[in-house]
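So this one's entry20.txt, compact mmCIF, C-alpha atoms:
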```txt
# COMPACT_ATOMS: atom_id res chain seq x y z
CA MET Z 1 24.79 13.91 20.47
CA TYR Z 2 21.46 14.45 22.18
CA GLY Z 3 20.86 18.08 21.17
CA THR Z 4 17.79 19.81 22.53
CA LEU Z 5 15.09 17.96 24.42
CA ILE Z 6 11.77 18.55 22.63
CA ALA Z 7 9.53 16.45 24.87
CA SER Z 8 9.63 13.49 27.22
CA THR Z 9 7.29 10.95 28.76
CA THR Z 10 7.65 8.88 31.91
CA LEU Z 11 4.82 6.45 32.50
CA GLY Z 12 3.17 6.31 35.90
CA ALA Z 13 1.19 3.60 37.60
CA GLY Z 14 -0.88 1.63 35.12
CA GLY Z 15 1.47 2.26 32.21
CA ALA Z 16 0.07 3.00 28.77
CA ALA Z 17 -0.75 1.31 25.50
CA ASN Z 18 1.38 3.74 23.52
CA ILE Z 19 3.59 6.82 23.75
CA THR Z 20 2.82 9.76 21.47
CA PHE Z 21 4.77 12.84 20.47
CA SER Z 22 2.74 15.37 18.50
CA GLY Z 23 3.25 18.90 17.30
CA ILE Z 24 6.93 18.21 16.51
CA PRO Z 25 8.41 21.53 15.34
CA ALA Z 26 10.26 21.70 12.03
CA THR Z 27 13.06 23.81 13.48
CA TYR Z 28 15.71 21.09 13.90
CA THR Z 29 17.84 19.14 11.42
CA ASP Z 30 17.40 15.62 12.81
CA LEU Z 31 15.29 13.84 15.42
CA LEU Z 32 16.61 11.38 17.98
CA LEU Z 33 14.15 9.24 19.94
CA VAL Z 34 15.56 7.48 23.00
CA ILE Z 35 13.40 4.85 24.67
CA SER Z 36 13.78 2.84 27.87
CA ALA Z 37 10.81 0.53 28.16
CA ARG Z 38 9.25 -2.67 29.34
CA THR Z 39 5.89 -4.15 28.34
CA ASP Z 40 3.46 -6.61 29.90
CA GLU Z 41 3.57 -8.95 26.90
CA ALA Z 42 4.01 -12.63 27.81
CA ALA Z 43 7.61 -12.81 26.63
CA THR Z 44 11.17 -12.14 27.80
CA TYR Z 45 11.93 -9.42 25.26
CA SER Z 46 10.07 -8.00 22.33
CA ASN Z 47 9.86 -5.44 19.58
CA ILE Z 48 8.12 -2.10 19.22
CA LYS Z 49 6.42 -0.23 16.42
CA ILE Z 50 6.75 3.41 15.42
CA ASN Z 51 4.31 5.20 13.12
CA PHE Z 52 4.89 8.66 11.70
CA ASN Z 53 2.06 11.15 11.16
CA SER Z 54 -0.50 8.41 11.89
CA SER Z 55 0.54 6.65 8.69
CA SER Z 56 0.46 2.85 8.48
CA VAL Z 57 1.73 2.50 4.92
CA ASN Z 58 4.97 2.81 2.95
CA TYR Z 59 7.38 1.42 5.53
CA SER Z 60 10.21 -1.07 4.96
CA ASN Z 61 12.62 -2.57 7.48
CA ARG Z 62 15.80 -4.61 7.51
CA TYR Z 63 17.53 -5.70 10.72
CA LEU Z 64 20.47 -7.66 12.13
CA GLN Z 65 20.03 -9.24 15.54
CA GLY Z 66 22.02 -11.24 18.07
CA THR Z 67 20.48 -13.29 20.84
CA GLY Z 68 23.56 -14.41 22.75
CA ASN Z 69 23.96 -17.62 20.82
CA ALA Z 70 23.07 -16.75 17.24
CA ALA Z 71 23.02 -13.89 14.74
CA SER Z 72 20.40 -13.52 12.08
CA SER Z 73 18.93 -10.97 9.72
CA GLY Z 74 15.41 -10.33 8.59
CA SER Z 75 13.17 -7.88 6.81
CA PHE Z 76 9.75 -6.73 7.79
CA GLY Z 77 6.59 -5.40 6.35
CA THR Z 78 5.01 -2.17 5.38
CA THR Z 79 2.95 -0.83 8.26
CA PHE Z 80 5.49 0.69 10.70
CA THR Z 81 9.13 1.29 11.56
CA PHE Z 82 10.29 -1.76 13.53
CA PRO Z 83 12.89 -1.58 16.34
CA VAL Z 84 13.70 -5.23 17.06
CA ASN Z 85 14.57 -6.47 20.58
CA ALA Z 86 13.94 -3.00 21.98
CA VAL Z 87 11.97 -3.78 25.14
CA THR Z 88 11.96 -6.32 27.93
CA ALA Z 89 8.65 -7.98 28.69
CA SER Z 90 6.85 -9.67 31.58
CA SER Z 91 9.14 -12.74 31.83
CA ALA Z 92 12.37 -10.73 31.94
CA THR Z 93 14.35 -10.23 35.15
CA SER Z 94 12.48 -7.73 37.28
CA SER Z 95 13.46 -4.06 37.03
CA THR Z 96 15.14 -4.56 33.64
CA PHE Z 97 14.15 -2.35 30.73
CA GLY Z 98 15.17 -2.47 27.08
CA ASN Z 99 16.69 0.52 25.31
CA ALA Z 100 16.36 1.83 21.80
CA SER Z 101 17.87 4.78 19.99
CA VAL Z 102 16.09 5.86 16.81
CA LEU Z 103 17.71 8.50 14.58
CA ILE Z 104 15.65 10.24 11.91
CA PRO Z 105 17.80 12.65 9.84
CA ASN Z 106 16.16 15.43 7.85
CA TYR Z 107 12.78 14.62 9.40
CA SER Z 108 11.20 17.87 8.17
CA GLY Z 109 12.63 17.75 4.66
CA SER Z 110 10.94 16.70 1.44
CA SER Z 111 12.86 13.45 0.88
CA GLN Z 112 11.75 10.02 1.96
CA LYS Z 113 12.61 9.38 5.61
CA SER Z 114 15.48 7.01 6.42
CA VAL Z 115 15.72 5.76 9.99
CA SER Z 116 18.67 4.22 11.86
CA ILE Z 117 17.91 2.01 14.87
CA ASP Z 118 20.00 0.56 17.69
CA ALA Z 119 18.25 -1.56 20.31
CA VAL Z 120 19.27 -3.75 23.22
CA THR Z 121 17.71 -5.84 25.97
CA GLU Z 122 20.07 -7.14 28.64
CA ALA Z 123 18.63 -8.87 31.69
CA ASN Z 124 21.53 -11.00 32.97
CA THR Z 125 19.86 -14.10 31.66
CA THR Z 126 19.43 -16.08 28.49
CA GLY Z 127 16.73 -15.12 26.08
CA VAL Z 128 17.75 -11.51 25.48
CA GLY Z 129 18.69 -9.74 22.31
CA MET Z 130 20.16 -6.75 20.54
CA SER Z 131 19.73 -5.40 17.07
CA ILE Z 132 20.60 -2.79 14.54
CA GLY Z 133 18.08 -1.78 11.93
CA ALA Z 134 17.47 0.25 8.80
CA SER Z 135 13.99 1.55 8.15
CA LEU Z 136 12.45 3.70 5.46
CA TRP Z 137 9.19 5.60 5.50
CA ALA Z 138 8.72 6.23 1.80
CA ASP Z 139 6.84 9.46 2.36
CA THR Z 140 8.08 12.96 1.56
CA SER Z 141 5.97 14.67 4.24
CA ALA Z 142 7.64 16.41 7.15
CA ILE Z 143 7.31 14.34 10.32
CA THR Z 144 5.08 16.20 12.77
CA SER Z 145 4.08 13.34 15.08
CA LEU Z 146 5.09 9.83 16.02
CA VAL Z 147 3.50 7.06 18.06
CA VAL Z 148 5.39 4.23 19.76
CA THR Z 149 3.43 1.03 20.40
CA GLY Z 150 4.42 -2.32 21.87
CA TYR Z 151 3.07 -5.85 21.57
CA GLY Z 152 1.65 -5.31 25.03
CA ASN Z 153 1.16 -2.25 27.19
CA PHE Z 154 4.19 -0.25 28.33
CA VAL Z 155 4.60 -0.54 32.10
CA GLN Z 156 5.27 2.05 34.78
CA TYR Z 157 8.72 3.76 34.63
CA SER Z 158 9.02 3.31 30.87
CA THR Z 159 10.42 6.51 29.38
CA ALA Z 160 10.74 8.12 25.97
CA TYR Z 161 12.75 11.24 25.15
CA LEU Z 162 12.59 13.10 21.85
CA TYR Z 163 15.58 15.27 20.97
CA GLY Z 164 16.12 17.73 18.15
CA LEU Z 165 19.60 17.95 16.63
CA THR Z 166 20.62 21.12 14.80
CA LYS Z 167 23.47 21.20 12.32
CA GLY Z 168 26.01 24.00 12.39
CA SER Z 169 26.34 26.64 9.75
CA GLY Z 170 28.86 24.50 7.89
CA GLY Z 171 26.44 21.70 7.01
CA ALA Z 172 26.09 20.98 3.30
CA THR Z 173 23.36 19.93 0.94
CA VAL Z 174 24.25 18.72 -2.51
CA SER Z 175 22.30 20.70 -5.08
CA MET P 1 34.63 6.49 1.47
CA MET P 2 36.02 8.99 3.97
CA ARG P 3 39.51 10.37 4.36
CA LEU P 4 40.92 12.19 7.35
CA ASN P 5 43.34 15.09 6.94
CA SER P 6 43.56 14.27 3.20
CA ASP P 7 45.47 11.07 3.98
CA SER P 8 45.19 8.70 1.00
CA GLY P 9 47.86 6.32 2.20
CA ALA P 10 47.22 2.70 3.17
CA ASN P 11 46.55 3.70 6.77
CA TYR P 12 42.95 2.59 7.33
CA SER P 13 41.42 -0.69 8.48
CA TYR P 14 37.94 -1.85 9.43
CA VAL P 15 35.68 -4.70 10.49
CA ASN P 16 32.03 -4.83 9.46
CA MET P 17 28.96 -6.87 10.36
CA PHE P 18 25.82 -6.68 8.29
CA GLY P 19 22.37 -8.10 7.75
CA THR P 20 20.70 -8.17 4.35
CA GLY P 21 17.29 -9.32 5.54
CA SER P 22 18.11 -12.91 4.68
CA ALA P 23 21.74 -13.34 5.73
CA ALA P 24 24.09 -12.10 8.46
CA ALA P 25 27.83 -11.91 7.90
CA SER P 26 31.01 -10.12 8.86
CA TYR P 27 34.21 -9.18 7.08
CA SER P 28 37.32 -7.09 7.63
CA ALA P 29 40.00 -5.34 5.61
CA SER P 30 43.35 -3.73 6.36
CA SER P 31 45.77 -1.38 4.61
CA GLN P 32 42.97 0.53 2.95
CA THR P 33 43.48 3.99 1.45
CA ALA P 34 40.30 5.39 3.05
CA MET P 35 37.65 4.57 5.64
CA ARG P 36 35.30 2.59 3.48
CA PHE P 37 31.56 2.29 4.12
CA ASP P 38 30.51 -0.40 1.74
CA ASP P 39 27.09 -0.97 0.30
CA VAL P 40 27.36 -4.70 0.69
CA THR P 41 24.32 -5.37 -1.48
CA GLY P 42 25.45 -3.49 -4.55
CA VAL P 43 21.94 -2.10 -4.81
CA VAL P 44 22.01 1.46 -6.12
CA PRO P 45 19.36 3.58 -4.41
CA SER P 46 17.09 5.58 -6.67
CA THR P 47 16.37 8.19 -4.02
CA PRO P 48 18.67 9.62 -1.31
CA THR P 49 17.74 7.09 1.38
CA TYR P 50 21.19 5.74 2.25
CA LEU P 51 22.03 6.72 5.82
CA LEU P 52 25.61 6.82 7.17
CA ARG P 53 26.42 7.73 10.77
CA VAL P 54 30.07 7.98 11.90
CA ASN P 55 31.17 8.51 15.52
CA LEU P 56 34.81 9.64 15.69
CA MET P 57 36.05 9.41 19.24
CA ASP P 58 38.82 11.62 20.68
CA TYR P 59 39.18 13.31 17.29
CA SER P 60 41.57 15.98 18.61
CA ALA P 61 43.82 13.64 20.62
CA THR P 62 47.48 13.42 19.60
CA ASP P 63 48.41 10.31 21.55
CA LYS P 64 46.36 7.63 19.83
CA HIS P 65 45.18 6.25 16.51
CA LYS P 66 41.69 7.44 15.64
CA THR P 67 38.77 5.04 15.82
CA ALA P 68 35.25 5.34 14.55
CA ILE P 69 32.08 3.39 15.14
CA SER P 70 29.79 3.64 12.16
CA ARG P 71 26.32 2.61 11.13
CA ILE P 72 25.24 2.18 7.55
CA ASP P 73 21.53 1.80 6.91
CA TYR P 74 19.72 1.25 3.66
CA ALA P 75 16.29 -0.26 4.22
CA ALA P 76 16.12 -1.69 0.68
CA GLY P 77 19.51 -3.35 1.01
CA ALA P 78 21.19 -3.91 4.37
CA THR P 79 21.89 -2.63 7.86
CA SER P 80 25.47 -2.75 9.12
CA ALA P 81 27.79 -1.65 11.90
CA GLN P 82 31.46 -1.02 11.37
CA ALA P 83 34.56 -0.23 13.39
CA ASN P 84 37.24 1.77 11.59
CA ARG P 85 40.78 2.78 12.52
CA TRP P 86 43.01 5.47 11.07
CA ALA P 87 46.60 4.61 12.00
CA ASN P 88 47.65 8.17 12.73
CA THR P 89 48.03 10.05 16.02
CA ALA P 90 47.45 13.50 14.49
CA ALA P 91 44.41 15.51 15.50
CA ILE P 92 41.66 15.39 12.89
CA THR P 93 41.33 18.75 11.17
CA SER P 94 39.51 17.79 7.99
CA ILE P 95 37.10 15.13 6.75
CA SER P 96 36.35 14.44 3.11
CA PHE P 97 33.78 12.13 1.54
CA THR P 98 34.15 10.68 -1.92
CA MET P 99 32.10 8.16 -3.87
CA ASP P 100 34.01 5.18 -5.14
CA GLY P 101 33.98 4.07 -8.75
CA GLY P 102 33.71 7.57 -10.15
CA PHE P 103 30.12 8.03 -8.95
CA THR P 104 28.83 11.33 -7.50
CA PHE P 105 26.51 12.20 -4.67
CA SER P 106 22.97 12.87 -5.89
CA ALA P 107 21.14 16.16 -5.44
CA GLY P 108 19.40 16.22 -2.09
CA SER P 109 22.20 14.41 -0.26
CA THR P 110 23.01 16.08 3.05
CA PHE P 111 26.07 16.07 5.30
CA ALA P 112 26.08 17.34 8.89
CA LEU P 113 28.96 17.46 11.37
CA TYR P 114 28.26 17.60 15.11
CA GLY P 115 30.66 18.10 17.99
CA ILE P 116 30.08 16.37 21.34
CA ALA P 117 31.69 17.99 24.36
CA SER P 118 32.45 16.28 27.65
CA ALA P 119 31.03 17.73 30.84
```

Please express what this file holds, its structure, as structure tokens.
Amino acid sequence: MYGTLIASTTLGAGGAANITFSGIPATYTDLLLVISARTDEAATYSNIKINFNSSSVNYSNRYLQGTGNAASSGSFGTTFTFPVNAVTASSATSSTFGNASVLIPNYSGSSQKSVSIDAVTEANTTGVGMSIGASLWADTSAITSLVVTGYGNFVQYSTAYLYGLTKGSGGATVS
Amino acid sequence: MMRLNSDSGANYSYVNMFGTGSAAASYSASSQTAMRFDDVTGVVPSTPTYLLRVNLMDYSATDKHKTAISRIDYAAGATSAQANRWANTAAITSISFTMDGGFTFSAGSTFALYGIASA
């Protein structure tokens, strides 16, 4: 279900504070962002933040997470889309990276933007997590850029791939 | 709810886990007359922001029941994951969506079907 690769980033030595995709064309139906990342935050695993079109308002989030010994649910704030347990961090087993898949249907349409998130960190140790999440960017603008930021810098070998998905001629819109 | 090949018999079952932002829970149901994707919160969205994603594996196989892994996301209500089974070995040739309770899909709602091919 990965469609057409729009752009990708692989971080080199020194890593980066954030990963940016700009100039996103409006020619696809949906966007799929796939991330494999690790940060230098003093933690075992952590979360990331995604902002659309440089906006830091009108977001809402609701997530379900499991940590290997407990399940819980939470909601989160208004300043970004919030993949939970999406990255490993400096205390995680070496060479382990978290993964997140972020689906944004109808990203270039004029409705508010719903986001579906799946995220995992697995490092063959305790203190890891996985989550599913629902996010909303209550903005009717077409998404033309997005920035991914961690609670620490992303390290070398972290990757992010942005795919465009195009529906067939049989897709329907209720009018 | 979703029906495959117009089957409205009691041939569907599912298990669901969900988080409402304050509680996590799971439930299951069998002998259903459709694949149900429940809004566990009962919150009716005022704008088309309810997101449903259904992965139907081996849809054209004729030697197995059909399974689906689904995600239901509504940021103002809940996020959930669901496993569904249609107890029928027929290849899937049609998919229909219907709102329960006599409700209708609002203007602006979109539906897209993708096919994923093996290498």

>> Under the rule that only C-alpha atoms are counted, which of Z:Ile48, Z:Val120, Z:Val115, Z:Ala16 is the nearest residue to Z:Gly150?
In response: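 Nearest candidate to Z:Gly150 out of Z:Ile48, Z:Val120, Z:Val115, Z:Ala16: Z:Ile48.
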
> Which polymer residues have any atom within 7 Å of an atom of Z:Tyr161, counting all atoms listed in the file, with same-chain residues fewer than 5 positions away left out, as a list in words?
Replying inline: Ala7, Ser8, Thr9, Leu33, Val34 and Ile35 of chain Z

> Near stretch 77-94 of chain P, counting all atoms listed in the file, which residues have an atom at most 6 Å away, once you skip same-chain residues fewer than 2 positions from it, shown as a ChimeraX atom specification?
Replying inline: /Z:133-134 /P:4-5,11-20,41,59-75

>> as a list in words, could you give me every residue of chain P near chain Z (at most 6 Å apart, counting all atoms listed in the file)?
In response: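 Residues satisfying the distance criterion: Gly19, Gly21, Ser22, Ala23, Ala24, Thr49, Asp73, Tyr74, Ala75, Thr79, Ala107, Gly108, Ser109, Thr110, Phe111, Ala112 and Ile116 of chain P.
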
Expected file: the selected residues, C-alpha atoms, as an mmCIF file, in the frame of the given file:
```cif
data_model
loop_
_atom_site.group_PDB
_atom_site.id
_atom_site.type_symbol
_atom_site.label_atom_id
_atom_site.label_comp_id
_atom_site.auth_asym_id
_atom_site.auth_seq_id
_atom_site.Cartn_x
_atom_site.Cartn_y
_atom_site.Cartn_z
ATOM 1 C CA GLY P 19 22.370 -8.100 7.750
ATOM 2 C CA GLY P 21 17.290 -9.320 5.540
ATOM 3 C CA SER P 22 18.110 -12.910 4.680
ATOM 4 C CA ALA P 23 21.740 -13.340 5.730
ATOM 5 C CA ALA P 24 24.090 -12.100 8.460
ATOM 6 C CA THR P 49 17.740 7.090 1.380
ATOM 7 C CA ASP P 73 21.530 1.800 6.910
ATOM 8 C CA TYR P 74 19.720 1.250 3.660
ATOM 9 C CA ALA P 75 16.290 -0.260 4.220
ATOM 10 C CA THR P 79 21.890 -2.630 7.860
ATOM 11 C CA ALA P 107 21.140 16.160 -5.440
ATOM 12 C CA GLY P 108 19.400 16.220 -2.090
ATOM 13 C CA SER P 109 22.200 14.410 -0.260
ATOM 14 C CA THR P 110 23.010 16.080 3.050
ATOM 15 C CA PHE P 111 26.070 16.070 5.300
ATOM 16 C CA ALA P 112 26.080 17.340 8.890
ATOM 17 C CA ILE P 116 30.080 16.370 21.340
#
```

> What is the distance between atom CA of Z:Pro83 and atom CA of Z:Val128, in Å to one decimal?
Replying inline: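 Atom-to-atom, atom CA of Z:Pro83 to atom CA of Z:Val128, that is 14.3 Å.
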
> Counting all atoms listed in the file, what is within 7 Å of Z:Val87, bar same-chain residues fewer than 2 positions away, as a list in words?
Replying inline: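 Skipping anything fewer than 2 positions along the chain leaves Ala37, Arg38, Thr39, Tyr45, Ser46, Asn47, Asn85, Ala89, Phe97, Gly98, Asn99 and Thr121 of chain Z.
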
> Between atom CA of Z:Thr20 and atom CA of Z:Thr149, what is the distance, to one decimal in Å?
Replying inline: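 Separating atom CA of Z:Thr20 from atom CA of Z:Thr149 is a distance of 8.8 Å.
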
>> Could you tell me how far atom CA of Z:Asn53 sits from atom CA of Z:Phe80, in Å to one decimal place?
In response: 11.0 Å

>> Need to verify the contact set: Z:Ser90, 6 Å, all atoms listed in the file, exclusion of same-chain residues closer than 4 positions in sequence. Can you return it as a PyMOL selection string?
In response: chain Z and resi 40-43

>> With distances taken over all atoms listed in the file, which residue among Z:Ile6, Z:Ile19, Z:Leu31, Z:Ala123 lies nearest Z:Asn51?
In response: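 With all atoms listed in the file as the atom set, the closest residue is Z:Ile19.
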
> Which of these, P:Leu51, P:Leu113, P:Met1, P:Ala76, has the shortest distance to P:Gln32 once you count all atoms listed in the file?
Replying inline: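 Closest to P:Gln32 of all the choices is P:Met1.
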
> Closest to Z:Ser36 among Z:Val155, Z:Leu11, Z:Ala100, Z:Val57, using all atoms listed in the file?
Replying inline: Z:Ala100

Do you know which residues are at most 8 Å from Z:Ser22 counting only C-alpha atoms, after dropping those on the same chain fewer than 3 positions away, and could you put them as a short mmCIF file (atom, residue, chain, number, x, y, z; two decimals) with C-alpha atoms, in the coordinates of the input?
```cif
data_model
loop_
_atom_site.label_atom_id
_atom_site.label_comp_id
_atom_site.auth_asym_id
_atom_site.auth_seq_id
_atom_site.Cartn_x
_atom_site.Cartn_y
_atom_site.Cartn_z
CA THR Z 144 5.08 16.20 12.77
CA SER Z 145 4.08 13.34 15.08
CA LEU Z 146 5.09 9.83 16.02
#
```
